[in-house]
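Chemist: Below is one structure. I have some questions about it.
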Amino acid sequence: MAKRALITGITGQDGSYLAELLLDEGYEVFGMVRRSSTEAFERISHIQDRLNLVSGDLLDEVSMINILREHRPQEVYNLAAQSFVQTSWAQPVFTGESTAMGVTRVLDAIRTVDPEIRFYQASSSEMFGKVQAVPQDEDTPFYPRSPYGVAKVYGHWITINYRESYDLHASSGILFNHESPRRGLEFVTRKVTNGVAKIKLGMAKELRLGNLDAQRDWGFAADYVRAMYLMLQQDTPDDYVVATGETHPVRELCEVAFAAAGLNWENHVVIDPAFMRPAEVDLLVGDPSKAERVLGWRREVDFTSLVEMMVASDLKALQR
């Protein structure tokens, strides 16, 4: 019998790459999607005929219980959330309901239906926020600087609480920024690479950005979903930082992206105060040594290759 896995948030960047990985590993993959009048399956359209899409919602625990009872997955990967930091200030209550309380509903459904199910929670480097140590590892204190970061801290600690209280195989991956050509346009990496492509093709003249000095630890999403999978293959559940250990400012992101298209970024980038965060997170850089040591995980795509890959993809898509 093939192993069965349920992915919440399967239509997102990480969900699509994780689904590909699990299919390659021989899994039967179930993806939870919310019923809505507009369906967005672009990221999984190439594998949709190999997936089992089921209706459910992180805001509705009964739907989670019904999915687990009907399809009996051995692994659940919780990737669904309101995952855009900027939006979390405009919709703080919804962010809390989905990104924080949604984790509790999934864990409680697992506890109710089958405590043997292995659970992965998508934690975030945004939990570190106003960083208390550089680099950040599994023992660095959290100091979130956005409603999203606060909600992720709740989701992280409720995962630990259920693991220790009910002996669940529940692990959290504290993932630092991970990008790809499938990243949403609202995220700065994709905003930059898509903007570069538009300028290169004469569809735009400038790119408006906020804080160019903010630094992030950026990796390739397909590398990071491998770490998620490896966590649930371990005998013992635990929490892991998944990162590159390198930091790059938004300014460097612009330099590499524009250079990939043969352009000078300084001729096109405009600083716009509208894109400044109310509370900025200035320096996030992770220490992945535990994941490397215990899971045997290594990143394969470096920063420059990642940005060039994204620019090439956006140029190709816009030319089409």
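Residues are referred to by chain and number: the chain letter is A, B, ... according to the order shown in the structure tokens, the number counts from 1 in that chain, and ligands are numbered separately from 1 in the order shown.
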Excluding Lys200 (chain A) and residues on its chain fewer than 2 positions from it, collect all residues at most 12 Å away from it, counting only C-alpha atoms, and give them as a ChimeraX atom specification.
Modeler: /A:193-198,202-207,257-265,268,311-312,314-316,318-319
Chemist: Determine which residues of region 145-210 of chain A receive a DSSP assignment of alpha helix (DSSP H), computed from the backbone, and state them as a PyMOL selection string.
Modeler: chain A and resi 147-166+188-200
Chemist: May I have the residues within 12 Å of Arg298 (chain A) as a list in words, using only C-alpha atoms and disregarding those fewer than 4 positions away in the same chain?
Modeler: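 Everything that qualifies: Gly219, Phe220, Ala222, Asp223, Tyr224, Val225, Arg226, Ala227, Leu230, Val242, Ala243, Thr244, Gly245, Pro288, Ser289, Lys290, Ala291, Glu292, Arg293, Val294 and Asp302 of chain A.
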Chemist: Keeping N, CA and C atoms for every residue in the selection just given, could you write it to a file as a short mmCIF file (atom, residue, chain, number, x, y, z; two decimals), in the first residue's frame?
Modeler:
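This went into out_24.cif:
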data_model
loop_
_atom_site.label_atom_id
_atom_site.label_comp_id
_atom_site.auth_asym_id
_atom_site.auth_seq_id
_atom_site.Cartn_x
_atom_site.Cartn_y
_atom_site.Cartn_z
N GLY A 219 16.47 31.13 0.23
CA GLY A 219 16.81 29.85 -0.39
C GLY A 219 15.76 29.45 -1.41
N PHE A 220 15.94 28.28 -2.00
CA PHE A 220 15.05 27.77 -3.06
C PHE A 220 13.99 26.87 -2.44
N ALA A 222 12.09 24.46 -3.47
CA ALA A 222 12.15 23.02 -3.71
C ALA A 222 13.17 22.34 -2.80
N ASP A 223 14.24 23.06 -2.43
CA ASP A 223 15.20 22.53 -1.46
C ASP A 223 14.55 22.40 -0.08
N TYR A 224 13.71 23.39 0.27
CA TYR A 224 13.18 23.46 1.63
C TYR A 224 12.08 22.42 1.89
N VAL A 225 11.29 22.09 0.87
CA VAL A 225 10.25 21.08 1.09
C VAL A 225 10.88 19.70 1.34
N ARG A 226 12.11 19.51 0.85
CA ARG A 226 12.81 18.25 1.14
C ARG A 226 13.06 18.11 2.64
N ALA A 227 13.34 19.23 3.30
CA ALA A 227 13.54 19.21 4.75
C ALA A 227 12.25 18.84 5.47
N LEU A 230 11.85 15.10 5.23
CA LEU A 230 12.83 14.40 6.07
C LEU A 230 12.45 14.45 7.55
N VAL A 242 15.51 25.76 9.01
CA VAL A 242 15.90 25.45 7.63
C VAL A 242 16.25 26.77 6.95
N ALA A 243 17.51 26.92 6.58
CA ALA A 243 18.02 28.19 6.08
C ALA A 243 19.29 27.94 5.28
N THR A 244 19.84 29.00 4.70
CA THR A 244 21.11 28.88 3.97
C THR A 244 22.29 29.27 4.84
N GLY A 245 22.05 30.07 5.90
CA GLY A 245 23.14 30.59 6.71
C GLY A 245 23.80 31.82 6.10
N PRO A 288 21.41 26.50 9.98
CA PRO A 288 20.79 25.22 9.63
C PRO A 288 21.59 24.00 10.09
N SER A 289 22.55 24.17 10.99
CA SER A 289 23.47 23.08 11.31
C SER A 289 22.75 21.86 11.89
N LYS A 290 21.68 22.07 12.67
CA LYS A 290 20.95 20.92 13.23
C LYS A 290 20.27 20.12 12.12
N ALA A 291 19.63 20.81 11.18
CA ALA A 291 18.98 20.12 10.06
C ALA A 291 20.00 19.38 9.21
N GLU A 292 21.17 19.99 9.05
CA GLU A 292 22.22 19.33 8.27
C GLU A 292 22.75 18.10 9.00
N ARG A 293 22.89 18.20 10.30
CA ARG A 293 23.46 17.10 11.09
C ARG A 293 22.47 15.96 11.28
N VAL A 294 21.24 16.27 11.66
CA VAL A 294 20.26 15.24 12.02
C VAL A 294 19.53 14.71 10.79
N ASP A 302 22.06 28.07 -4.93
CA ASP A 302 22.56 29.24 -4.22
C ASP A 302 21.75 30.49 -4.60
#
Chemist: Nearest to Asp60 (chain A): which of A:Ile271, A:Leu23, A:Val103, A:Leu79 is it, counting only C-alpha atoms?
Modeler: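 For Asp60 (chain A), the nearest of the given residues is A:Val103.
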Chemist: For Gly26 (chain A), which residue among A:Thr8, A:Ala90, A:Arg182, A:Met1 is the nearest when counting only C-alpha atoms?
Modeler: A:Met1
Chemist: Restrict the calculation to only C-alpha atoms, then for each residue of region 261-303 of chain A with any atom at most 8 Å from an atom of region 246-252 of chain A give the closest atom pair and their distance in Å to one decimal, rows by chain and rising residue number, as a Markdown table.
Modeler:
| residue | atom | partner | partner_atom | distance |
| --- | --- | --- | --- | --- |
| A:Leu283 | CA | A:Thr247 | CA | 7.8 |
| A:Leu284 | CA | A:Thr247 | CA | 7.2 |
| A:Val285 | CA | A:Thr247 | CA | 5.6 |
| A:Gly286 | CA | A:Glu246 | CA | 7.6 |
Chemist: Could you turn the residues from that selection into a file that holds N, CA and C atoms, as a PDB file, in the first residue's frame?
Modeler:
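Full text of selection_32.pdb as output:
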ATOM      1  N   LEU A 283      17.287  42.068  10.101  1.00  0.00           N
ATOM      2  CA  LEU A 283      18.313  41.062   9.793  1.00  0.00           C
ATOM      3  C   LEU A 283      17.872  39.681  10.245  1.00  0.00           C
ATOM      4  N   LEU A 284      17.538  38.840   9.271  1.00  0.00           N
ATOM      5  CA  LEU A 284      17.209  37.443   9.553  1.00  0.00           C
ATOM      6  C   LEU A 284      18.228  36.560   8.843  1.00  0.00           C
ATOM      7  N   VAL A 285      18.906  35.709   9.595  1.00  0.00           N
ATOM      8  CA  VAL A 285      19.824  34.729   9.003  1.00  0.00           C
ATOM      9  C   VAL A 285      19.828  33.498   9.897  1.00  0.00           C
ATOM     10  N   GLY A 286      19.571  32.340   9.309  1.00  0.00           N
ATOM     11  CA  GLY A 286      19.400  31.127  10.093  1.00  0.00           C
ATOM     12  C   GLY A 286      20.648  30.274  10.165  1.00  0.00           C
TER      13      GLY A 286
END
Chemist: Can you work out the spacing between CA of Pro273 (chain A) and CA of Asn177 (chain A) in Å, to one decimal?
Modeler: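 One can read the CA of Pro273 (chain A) to CA of Asn177 (chain A) distance as 22.7 Å.
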Chemist: Can you list every residue in region 84-243 of chain A that DSSP puts in strand (DSSP E or B), as a list of chain:residue names?
Modeler: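 Listing strand (DSSP E or B) positions across region 84-243 of chain A yields A:Arg118, A:Phe119, A:Tyr120, A:Gln121, A:Ala122, A:Ser123, A:Ser124, A:Gln136, A:His169, A:Ala170, A:Ser171, A:Ser172, A:Gly173, A:Ile174, A:Leu175, A:His178, A:Glu179, A:Leu207, A:Arg208, A:Leu209, A:Gln215, A:Arg216, A:Gly219, A:Phe220, A:Asp239, A:Tyr240, A:Val241, A:Val242.
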Chemist: Extract, using only C-alpha atoms, all DNA, RNA and protein residues at most 8 Å from Ile117 (chain A), discarding same-chain residues fewer than 2 positions from it, and format them as a list in words.
Modeler: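 Using only C-alpha atoms, the neighbours found are Pro73, Gln74, Glu75, Val76, Ile110, Asp114, Pro115, Phe119, Leu168 and His169 of chain A.
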Chemist: Measuring atom to atom with only C-alpha atoms, identify which of A:His156, A:Lys3, A:Arg118, A:His71 is nearest to Met101 (chain A).
Modeler: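 Going through A:His156, A:Lys3, A:Arg118, A:His71 one by one, the smallest distance to Met101 (chain A) is for A:His156.
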Chemist: Point out the residue among A:Asn66, A:Ser180, A:Asn211, A:Ser125 with the least atom-to-atom distance to Leu306 (chain A), counting only C-alpha atoms.
Modeler: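 Checking each candidate against Leu306 (chain A), we get A:Ser180 as the closest.
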Chemist: For CA of Leu253 (chain A) and CA of Glu266 (chain A), quote the distance in Å rounded to one decimal.
Modeler: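 Atom-to-atom, CA of Leu253 (chain A) and CA of Glu266 (chain A) are spaced 12.2 Å apart.
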Chemist: I'd like the interatomic distance between CA of Asp137 (chain A) and CA of Trp157 (chain A), to a tenth of an Å.
Modeler: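 Computing it gives 15.6 Å between the two atoms.
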Chemist: For Trp89 (chain A), which residue out of A:Met231, A:Val106, A:Val131, A:Val150 is the nearest one, using only C-alpha atoms?
Modeler: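 Under the stated criterion, the closest residue is A:Val150.
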Chemist: Rank A:Ser313, A:Trp218, A:Leu212, A:Glu300 by their smallest atom-to-atom distance to Met276 (chain A), using only C-alpha atoms, and report the top residue only.
Modeler: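 Between A:Ser313, A:Trp218, A:Leu212, A:Glu300, the residue approaching Met276 (chain A) most closely is A:Leu212.
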Chemist: Show me, as a list of chain:residue names, the residues that have an atom within 8 Å of Ile158 (chain A) when counting only C-alpha atoms, minus same-chain residues fewer than 3 positions from it.
Modeler: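 Contacts, in chain order: A:Val103, A:Thr104, A:Tyr154, A:Gly155, A:Asn161, A:Tyr162.
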